[in-house]
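**Student:** Contents of model_21.cif (mmCIF, C-alpha atoms) are below:
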```cif
data_input
loop_
_atom_site.label_atom_id
_atom_site.label_comp_id
_atom_site.auth_asym_id
_atom_site.auth_seq_id
_atom_site.Cartn_x
_atom_site.Cartn_y
_atom_site.Cartn_z
CA MET A 262 64.32 -93.01 132.12
CA ASN A 263 62.84 -93.32 135.63
CA VAL A 264 62.61 -96.95 136.74
CA TYR A 265 60.92 -96.10 140.03
CA PHE A 266 57.60 -94.96 138.55
CA ARG A 267 56.01 -98.39 138.60
CA ARG A 268 57.37 -99.38 141.99
CA MET A 269 55.92 -96.33 143.75
CA ARG A 270 52.22 -96.38 144.50
CA ILE A 271 50.37 -93.09 144.78
CA LYS A 272 47.22 -92.57 146.81
CA VAL A 273 45.18 -89.38 146.89
CA VAL A 274 42.85 -89.47 149.90
CA CYS A 275 40.07 -86.87 150.09
CA ILE A 276 37.27 -85.95 152.45
CA GLY A 277 33.83 -85.91 150.83
CA LYS A 278 32.65 -86.26 147.27
CA THR A 279 32.99 -83.74 144.47
CA GLY A 280 29.58 -82.27 143.77
CA LYS A 281 30.26 -80.76 140.35
CA SER A 282 30.32 -82.99 137.28
CA PHE A 283 32.90 -80.85 135.47
CA LEU A 284 35.33 -81.36 138.35
CA THR A 285 34.64 -85.10 138.51
CA GLU A 286 35.22 -85.40 134.76
CA GLY A 287 38.54 -83.56 135.09
CA GLU A 288 39.61 -85.75 138.02
CA ASN A 289 38.78 -88.91 136.08
CA GLU A 290 40.64 -87.70 133.00
CA TYR A 291 43.84 -86.99 134.93
CA LEU A 292 43.57 -90.22 136.94
CA LYS A 293 43.33 -92.14 133.66
CA ARG A 294 46.38 -90.33 132.27
CA LEU A 295 48.37 -90.81 135.49
CA ARG A 296 47.86 -94.58 135.51
CA HIS A 297 50.06 -94.72 132.41
CA TYR A 298 53.01 -93.78 134.69
CA ALA A 299 52.34 -95.32 138.09
CA PRO A 300 49.61 -97.09 140.07
CA VAL A 301 47.36 -94.27 141.33
CA GLU A 302 44.37 -94.64 143.61
CA LYS A 303 41.91 -91.94 144.65
CA ILE A 304 40.02 -92.62 147.88
CA GLU A 305 37.00 -90.50 148.76
CA LEU A 306 35.97 -90.63 152.39
CA ALA A 307 32.43 -89.87 153.51
CA ASP A 308 31.63 -86.47 154.93
CA ILE A 309 31.16 -86.42 158.70
CA LYS A 310 27.53 -87.04 159.65
CA ASN A 311 25.74 -84.38 161.70
CA ALA A 312 28.66 -82.00 161.12
CA LYS A 313 26.41 -78.99 161.69
CA LYS A 314 26.16 -80.00 165.35
CA LEU A 315 29.96 -80.19 165.74
CA SER A 316 32.58 -77.51 166.28
CA THR A 317 35.28 -76.91 163.69
CA ASP A 318 37.81 -78.71 165.90
CA GLN A 319 35.48 -81.69 166.33
CA ILE A 320 34.98 -81.91 162.57
CA LYS A 321 38.75 -81.80 161.95
CA LYS A 322 39.31 -84.46 164.60
CA GLU A 323 36.70 -86.81 163.10
CA GLU A 324 37.97 -86.24 159.57
CA GLY A 325 41.49 -86.81 160.86
CA LYS A 326 40.53 -90.24 162.19
CA LEU A 327 39.14 -91.16 158.76
CA LEU A 328 42.24 -89.91 156.93
CA LEU A 329 44.66 -91.66 159.29
CA SER A 330 42.75 -94.95 158.89
CA LYS A 331 43.77 -94.99 155.21
CA ILE A 332 47.53 -94.76 155.69
CA SER A 333 50.10 -97.18 157.01
CA ASN A 334 53.23 -96.58 159.06
CA SER A 335 55.50 -96.97 156.03
CA ASP A 336 53.59 -94.50 153.82
CA GLN A 337 55.17 -91.20 152.85
CA VAL A 338 52.38 -88.69 153.68
CA GLN A 339 52.12 -85.22 152.17
CA LEU A 340 49.32 -82.81 153.11
CA LEU A 341 47.89 -80.40 150.59
CA ASP A 342 47.88 -77.42 152.90
CA GLU A 343 47.96 -73.66 152.44
CA LYS A 344 50.92 -73.47 154.84
CA GLY A 345 52.96 -75.96 152.84
CA ALA A 346 55.93 -75.60 150.53
CA SER A 347 55.27 -73.98 147.17
CA PHE A 348 56.75 -75.50 144.04
CA ARG A 349 57.04 -74.53 140.44
CA SER A 350 55.89 -77.46 138.31
CA ILE A 351 59.46 -78.49 137.46
CA ASP A 352 60.45 -78.36 141.14
CA PHE A 353 57.43 -80.47 142.07
CA ALA A 354 58.55 -83.02 139.47
CA ARG A 355 62.00 -83.10 141.10
CA PHE A 356 60.37 -83.53 144.50
CA LEU A 357 58.41 -86.51 143.15
CA GLN A 358 61.54 -88.03 141.66
CA LYS A 359 63.22 -87.88 145.08
CA GLN A 360 60.22 -89.68 146.57
CA PHE A 361 60.35 -92.32 143.82
CA ASN A 362 64.06 -92.82 144.40
CA GLN A 363 63.40 -93.80 148.02
CA GLY A 364 61.98 -97.13 146.91
CA ASP A 365 58.84 -99.19 147.23
CA LYS A 366 56.81 -96.93 149.52
CA THR A 367 53.35 -95.59 148.94
CA LEU A 368 53.23 -91.85 148.46
CA VAL A 369 49.99 -90.52 149.97
CA PHE A 370 48.58 -87.07 149.36
CA LEU A 371 45.85 -86.00 151.79
CA ILE A 372 43.20 -83.45 150.87
CA GLY A 373 41.26 -82.41 153.95
CA GLY A 374 37.82 -80.96 154.31
CA ALA A 375 36.80 -77.33 154.36
CA TYR A 376 38.46 -76.67 157.74
CA GLY A 377 41.81 -78.31 157.08
CA PHE A 378 43.51 -80.99 159.18
CA SER A 379 43.55 -82.06 162.81
CA ASP A 380 46.74 -81.87 164.88
CA ASP A 381 46.99 -85.68 164.68
CA VAL A 382 47.14 -85.52 160.88
CA TYR A 383 49.72 -82.71 160.95
CA ASN A 384 51.82 -84.76 163.38
CA ARG A 385 51.72 -87.84 161.12
CA ALA A 386 52.56 -85.99 157.92
CA ASN A 387 56.03 -86.11 156.39
CA GLY A 388 55.47 -82.77 154.68
CA LYS A 389 53.03 -80.17 153.41
CA ILE A 390 52.53 -78.84 149.89
CA SER A 391 50.71 -75.66 148.93
CA LEU A 392 49.28 -75.35 145.44
CA SER A 393 48.75 -71.61 145.74
CA GLU A 394 48.56 -68.74 148.17
CA MET A 395 44.98 -68.34 146.98
CA THR A 396 42.18 -70.33 148.57
CA PHE A 397 40.34 -72.95 146.50
CA SER A 398 37.51 -75.25 147.50
CA HIS A 399 38.71 -78.64 148.70
CA GLN A 400 36.71 -80.12 145.81
CA MET A 401 38.46 -78.00 143.19
CA ILE A 402 41.92 -78.71 144.61
CA ARG A 403 41.52 -82.39 143.72
CA MET A 404 41.37 -81.74 139.99
CA LEU A 405 44.08 -79.07 140.13
CA PHE A 406 46.39 -81.37 142.08
CA LEU A 407 45.81 -84.36 139.80
CA GLU A 408 46.66 -82.17 136.81
CA GLN A 409 49.89 -81.05 138.50
CA LEU A 410 50.74 -84.65 139.37
CA TYR A 411 50.22 -85.60 135.72
CA ARG A 412 52.26 -82.58 134.58
CA ALA A 413 55.11 -83.65 136.89
CA MET A 414 55.12 -87.16 135.42
CA THR A 415 55.33 -85.81 131.89
CA ILE A 416 58.20 -83.53 132.92
CA LEU A 417 60.08 -86.49 134.40
CA LYS A 418 59.54 -88.51 131.23
CA GLY A 419 60.58 -85.62 128.99
CA GLU A 420 57.18 -85.53 127.28
CA PRO A 421 55.88 -82.36 125.61
CA TYR A 422 52.89 -81.58 127.88
CA HIS A 423 54.71 -78.93 129.94
CA HIS A 424 56.13 -75.84 128.24
CA GLU A 425 58.70 -73.62 129.89
#
```
Turn the structure described in the file into structure tokens.

**Tutor:**
Amino acid sequence: MNVYFRRMRIKVVCIGKTGKSFLTEGENEYLKRLRHYAPVEKIELADIKNAKKLSTDQIKKEEGKLLLSKISNSDQVQLLDEKGASFRSIDFARFLQKQFNQGDKTLVFLIGGAYGFSDDVYNRANGKISLSEMTFSHQMIRMLFLEQLYRAMTILKGEPYHHE
């Protein structure tokens, strides 16, 4: 049905490691399922060293440098951000289809650290997506987002995972 799945690469770039095994197991399960639809890569960047000695703005700036080092000029970059656009699952699937229809680009989703993103990252982004008006840990968001990404793929393929 959707010929662009395989041509679009997806990267999920995150700050820090997930400390809870149940979250890591969930992430790995959804990554495995997603790879059936499109090439998906999760990149975990190291936490900033000596962060306790830095201000919030300094931490965001340093994390921003790390995040920006993992994207290229041609990448389509979406931030997972509380101020972003909210989607129902079906609408998120439509949003993904529009991205896939644009061609052979890499679609990058950035998950920042506990304090969010630097101005440089906001300026580079093509858009922002909010998963909820509630606040979740940046570690938990990874698994929730990967599940929604998987759900969107099954919606686009007409598979029975999503019920509405």

**Student:** Tell me, as a VMD selection string, which residues lie within 12 Å of segment 317-320 of chain A, counting all atoms listed in the file; anything in the same chain fewer than 4 positions away does not count.

**Tutor:** chain A and resid 276 308 to 313 324 to 327 373 to 381

**Student:** Please evaluate the PyMOL selection byres ((chain A and resi 332-340) around 10) against the structure above and give the resulting residues as JSON, numbers by chain.

**Tutor:** {"A": [270, 271, 272, 273, 274, 327, 328, 329, 330, 331, 341, 342, 343, 344, 345, 360, 363, 365, 366, 367, 368, 369, 370, 371, 372, 373, 377, 378, 382, 383, 385, 386, 387, 388, 389, 390, 391]}

**Student:** Rounded to one decimal, what separation in Å do you get between atom CA of Pro421 of chain A and atom CA of Glu288 of chain A?

**Tutor:** 20.7 Å

**Student:** Which is closer to Arg296 of chain A than all the others in A:Glu323, A:Leu392, A:Met269, A:Lys314, using only C-alpha atoms?

**Tutor:**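 Going through A:Glu323, A:Leu392, A:Met269, A:Lys314 one by one, the smallest distance to Arg296 of chain A is for A:Met269.
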
**Student:** Would you kindly identify which residues have an atom no farther than 10 Å from (53.5, -92.8, 135.0), using all atoms listed in the file and the file's own coordinates, and write them out as a list in words?

**Tutor:** Asn263, Tyr265, Phe266, Arg267, Met269, Arg294, Leu295, Arg296, His297, Tyr298, Ala299, Pro300, Val301, Leu410, Tyr411, Ala413, Met414, Thr415, Leu417 and Lys418 of chain A

**Student:** Using only C-alpha atoms, which of the listed residues (A:Ala346, A:Leu315, A:Leu407, A:Leu357) sits closest to Asn289 of chain A?

**Tutor:**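 Closest to Asn289 of chain A, using only C-alpha atoms: A:Leu407.
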
**Student:** Could you tell me how far atom CA of Asn384 of chain A sits from atom CA of Lys278 of chain A, in Å to one decimal place?

**Tutor:** 25.1 Å

**Student:** So what do you get for atom CA of Gly277 of chain A versus atom CA of Leu405 of chain A, distance-wise?

**Tutor:**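 Atom CA of Leu405 of chain A lies 16.3 Å from atom CA of Gly277 of chain A.
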
**Student:** Write out as a PyMOL selection string each polymer residue whose atoms come within 8 Å of segment 282-284 of chain A, counting all atoms listed in the file; drop sequence neighbours fewer than 5 positions from it.

**Tutor:** chain A and resi 400-401+404

**Student:** May I ask which of the residues A:Lys359, A:Lys303, A:His424, A:Arg349 is the closest one to Gln409 of chain A, counting only C-alpha atoms?

**Tutor:** A:Arg349

**Student:** Would you please work out which residue, of A:Gln358, A:Thr396, A:Ser347, A:Thr279, is nearest to Ile304 of chain A when using only C-alpha atoms?

**Tutor:** A:Thr279
